Amino acid sequence: MTTEGSTSTMSIDAARTPADQETLLDVRGLRTEFQTSRGRVAAVRDVSFTIRRRERLAIVGESGSGKSAMAMSIVGLIQPPGRVTAGEIRLGGTDLRGLPDRKLSEIRGNRISLVFQDPMSAFDPIRTIGAQMIENIRAHQPVSKGAARRQAADLLGEVGVTNASSRLADYPHQYSGGMRQRVLIAMALANSPELVIADEPTTALDVTTQAQVLELLDKLVTDRGAALMLITHNLGIVAGFCDTVKVMYAGQLIEESDSRALFAGAAHPYSRELLKCVLRTDRRQDGLLSTIPGTLPDPTQPFTGCSFEPRCPLGKGNPLCRGTEPPVVAVEGPHGTQLAKCHFAGQLELKEER
Amino acid sequence: MTTINDDGGTVRPGDGDAVERGMRLGSGSAVERGARPLLEVHGLTKTYRSKSVSARLRRANEVKALREVSFDVMRGETLGLVGESGSGKSTAASCVLRLTEPDSGSVTFDGVDVRALSKAELRRLRSRMQIVFQDPYGSLDPRFSVRELVEEPLLVHGLRDEKARRERALQMLERVGLSASQAELNAHAFSGGQRQRIAIARALVLNPELVVLDEPVTALDVSVQAQVLNLLTELQKELNLTYLFIVHDLAVAQYLCHRIAVMYLGEIVEMASSQELFDNPLHPYTVTLLMAAPVPDPDVMAGRRTALGTTAPAGSKPGPGCPLQPRCPVGMNRPECSSQRPLLREVAPGHLVACHYPGELKAAVAAPLANTAIPESPLNP
């Protein structure tokens, strides 16, 4: 990242490339609130972004940052006491928020596929994998049972399940976690979705299985032309499998970058500190590890200024950071434009040296 | 900083070597070379059998969770047991604490044969070996205050003096980073990282010598994970603790462990100092694990591809040869790999590996696991 590069302050919408034909998902001003015993809590606070077709996008953040709530809001799966209270969600021109439940559930599974961390919860435990796959295929395609069964077996084979046709007769509990995740991906493959939302899809898996599942998700993008929204806390996965990355903190997007740009130099102090905490297999680290002191702000308290200010090595105690919500700043670097919601974006090196 | 060893005699009645342990204070984490290991594990074997009436089914469903597992841990040292689920790492630790009875093999703790102890003797010994579990939500009873939770082990081990108990618990909570004002709150009021601190306080309140850490940071966010790892490092130095660290995350293992044993399907397949293992991994499985561990660097990630084709089901029945052979890029088509079981042997000082062709996969991926890209698909020539 560069400090000589031009920095400019602009509105969130103007800072982004305008929506065009390549835009698949366009989210504007999304706000999701939960009613709790301690008052209303905003889990997602006025989030706007777009996903292009074939884009592999990572949403990164710690637990409680609102990344899952945001994904659930997009597909209309926020359950009471939660509610999407504002915003527009457009999938290739269709306004998802305006759709009745029936239409929305058609879109889920057809145009949008969901892959969750715990694949067991996605299956009916008392029906065979085959029956559930066939049902899923026939719900979206006018084919006979036999044809659907053949297709299901082919798909299982494609995602690396051995003896696919005989394993159709097995129940979900007879599959390991990694295998269940493969079946979910196979079901996604069946319907050629435009968007795959994967929420921590490999967190419960072993590292070699994780690599295989990620390759399969990657295949959905390269072979089937889907866009991928990968929610993860693992920055290594972002580096390996995503083109772009959005960092979430306290319900807001605080940095948006090309993934190469983020790893070359984060534009927001939070992303920067987060990257410092990551342990790597290819580097030895001695002495005490870098940490981010403090915790996420209490969401029941009203926000003023920058939500990261109390923990920020640069802005802590600064009246500007404490009192004024930071604008989204575009920072030009060698790897393209990075957006950061920070008063000092583009001057981080300068500030750190002092 | 609070010293927590000075009342060791009070909290562990019946333990005569409090003086000796007090003297260990301040000796740092230096591993005592040449001395007898604190923990010696030899030839641990454990097979789980199904209860089927048919002998054929019983044999078919047998799972060899541990096969001839041997390792030592020196005082003040951290030994990592690394491997994927089903590799037997948790079973091994469970046998060390005698929470699981192995079929055969021995566990010697500070010269004492753990498997020969009576129930009462075992209970006394357990105050010297403690465990911290992965799930900080499941391991703390939500009905008790955290002070009560930390006091409980003291009560169980016979500290009747209420005031001493309370003082000791508060001291311990303070040491792991919780304030006295938080001590009366119930566990549910705390975040995952704080709960893990409480679990650590609970494990350390008895002044144990050996602490088994079963994936203690796996469920935590990366910044919180770093905080807990720092705490574990500091406590080890201060109290000369010995850690047996069960972990699947290799980056975490590299940071915390002095030595690492890599397990696969119930066996140790490679063991070396942490530095040696990462600089010079010799077993194809170790290399595969290293290649599969994502690192936050697009350039490194760009060239990586998974080395192993399919995942063998956990505990699947290995043939007469190497258990990795069916999925090993080195041994897949080699007759000795499918017919002869490789034995764990020392190939360099302190570096043990069970492979007929050690180092070959590492050579095939052109050495640089670190910092440079690995050429694509080196494994399918």
# chains A, B, ... in the order shown; residues from 1 in each chain; ligands from 1

call {"tool": "residues_around", "arguments": {"residues": "stretch 144-154 of chain B", "least_positions_apart": "3", "cutoff": "6 Å", "atoms": "only C-alpha atoms", "output": "list in words"}}
result
His157, Leu159, Ala169, Ala183, Glu184, Leu185, Asn186, Ala187 and Arg202 of chain B

call {"tool": "interface_residues", "arguments": {"of": "chain A", "to": "chain B", "cutoff": "6 Å", "atoms": "only C-alpha atoms", "output": "PyMOL selection string"}}
result
chain A and resi 62+206-208+211+235-237+239-240+277+279-282+288-289+291-292

call {"tool": "atom_distance", "arguments": {"atom1": "atom CA of A:Thr32", "atom2": "atom CA of A:Gly64"}}
result
13.4 Å

call {"tool": "select_by_dssp", "arguments": {"residues": "stretch 22-150 of chain A", "states": "helix (DSSP H, G or I)", "output": "PyMOL selection string"}}
result
chain A and resi 67-74+96-98+101-107+119-122+129-140+145-150

call {"tool": "residues_around", "arguments": {"residues": "A:Thr324", "least_positions_apart": "6", "cutoff": "7 Å", "atoms": "only C-alpha atoms", "output": "list of chain:residue names"}}
result
A:Thr304, A:Gly305, A:Cys306

call {"tool": "closest_residue", "arguments": {"among": "A:Val328, A:Leu320, A:Val47, A:Ala139", "to": "A:Ala190", "atoms": "only C-alpha atoms"}}
result
A:Ala139

call {"tool": "select_by_dssp", "arguments": {"residues": "stretch 7-192 of chain B", "states": "strand (DSSP E)", "output": "JSON, numbers by chain"}}
result
{"B": [39, 40, 41, 42, 43, 44, 45, 46, 47, 48, 63, 64, 65, 66, 67, 68, 69, 70, 71, 72, 73, 78, 79, 80, 81, 82, 104, 105, 106, 107, 108, 109, 112, 113, 129, 130, 131, 132]}

call {"tool": "write_last_selection", "arguments": {"atoms": "C-alpha atoms", "output": "JSON list (two decimals), in the first residue's frame"}}
result
[["chain", "number", "residue", "atom", "x", "y", "z"],
["B", 39, "LEU", "CA", 5.84, -38.58, 31.52],
["B", 40, "GLU", "CA", 6.83, -41.82, 29.80],
["B", 41, "VAL", "CA", 4.34, -43.55, 27.55],
["B", 42, "HIS", "CA", 5.27, -46.88, 26.10],
["B", 43, "GLY", "CA", 3.49, -49.14, 23.61],
["B", 44, "LEU", "CA", -0.05, -47.87, 24.20],
["B", 45, "THR", "CA", -2.58, -49.92, 22.29],
["B", 46, "LYS", "CA", -6.32, -49.51, 22.36],
["B", 47, "THR", "CA", -8.87, -51.27, 20.21],
["B", 48, "TYR", "CA", -12.56, -50.48, 20.27],
["B", 63, "VAL", "CA", -11.25, -49.85, 15.38],
["B", 64, "LYS", "CA", -7.61, -49.68, 16.35],
["B", 65, "ALA", "CA", -7.62, -46.30, 18.05],
["B", 66, "LEU", "CA", -4.01, -46.63, 19.22],
["B", 67, "ARG", "CA", -1.25, -48.90, 17.98],
["B", 68, "GLU", "CA", 2.00, -49.08, 19.90],
["B", 69, "VAL", "CA", 2.15, -45.41, 20.75],
["B", 70, "SER", "CA", 5.26, -44.35, 22.68],
["B", 71, "PHE", "CA", 6.54, -40.94, 23.69],
["B", 72, "ASP", "CA", 8.25, -39.08, 26.52],
["B", 73, "VAL", "CA", 7.66, -35.60, 27.83],
["B", 78, "THR", "CA", 5.44, -29.03, 25.51],
["B", 79, "LEU", "CA", 4.84, -32.09, 23.37],
["B", 80, "GLY", "CA", 2.25, -31.67, 20.65],
["B", 81, "LEU", "CA", 0.10, -34.55, 19.44],
["B", 82, "VAL", "CA", -0.95, -33.49, 15.98],
["B", 104, "SER", "CA", -1.74, -52.71, 26.72],
["B", 105, "GLY", "CA", 1.23, -50.44, 27.20],
["B", 106, "SER", "CA", 2.46, -48.40, 30.12],
["B", 107, "VAL", "CA", 2.12, -44.85, 31.39],
["B", 108, "THR", "CA", 4.72, -43.68, 33.88],
["B", 109, "PHE", "CA", 4.29, -40.32, 35.57],
["B", 112, "VAL", "CA", 4.92, -43.91, 39.12],
["B", 113, "ASP", "CA", 3.19, -46.60, 37.06],
["B", 129, "MET", "CA", -2.12, -33.92, 36.10],
["B", 130, "GLN", "CA", -4.97, -31.76, 34.84],
["B", 131, "ILE", "CA", -6.81, -31.20, 31.58],
["B", 132, "VAL", "CA", -8.26, -28.22, 29.69]]

call {"tool": "closest_residue", "arguments": {"among": "B:Pro329, B:Pro208, B:Gly138, B:Gly266", "to": "B:Thr91", "atoms": "only C-alpha atoms"}}
result
B:Gly266

call {"tool": "residues_around", "arguments": {"residues": "stretch 96-112 of chain A", "least_positions_apart": "6", "cutoff": "10 Å", "atoms": "only C-alpha atoms", "output": "list in words"}}
result
Ser73, Ile74, Val75, Gly76, Leu77, Val84, Ala86, Gly87, Glu88, Ile89, Arg90, Asn136, Ile137, Ala139, His140, Gln141, Met187, Ala188, Ala190, Asn191, Ser192, Pro193, Glu194, Leu195, Val196, Ile197, Ala226, Ala227 and Leu228 of chain A

call {"tool": "atom_distance", "arguments": {"atom1": "atom CA of B:Leu170", "atom2": "atom CA of B:Phe133"}}
result
21.3 Å

call {"tool": "residues_around", "arguments": {"residues": "B:Pro281", "least_positions_apart": "5", "cutoff": "7 Å", "atoms": "only C-alpha atoms", "output": "PyMOL selection string"}}
result
chain B and resi 286-287+359+362
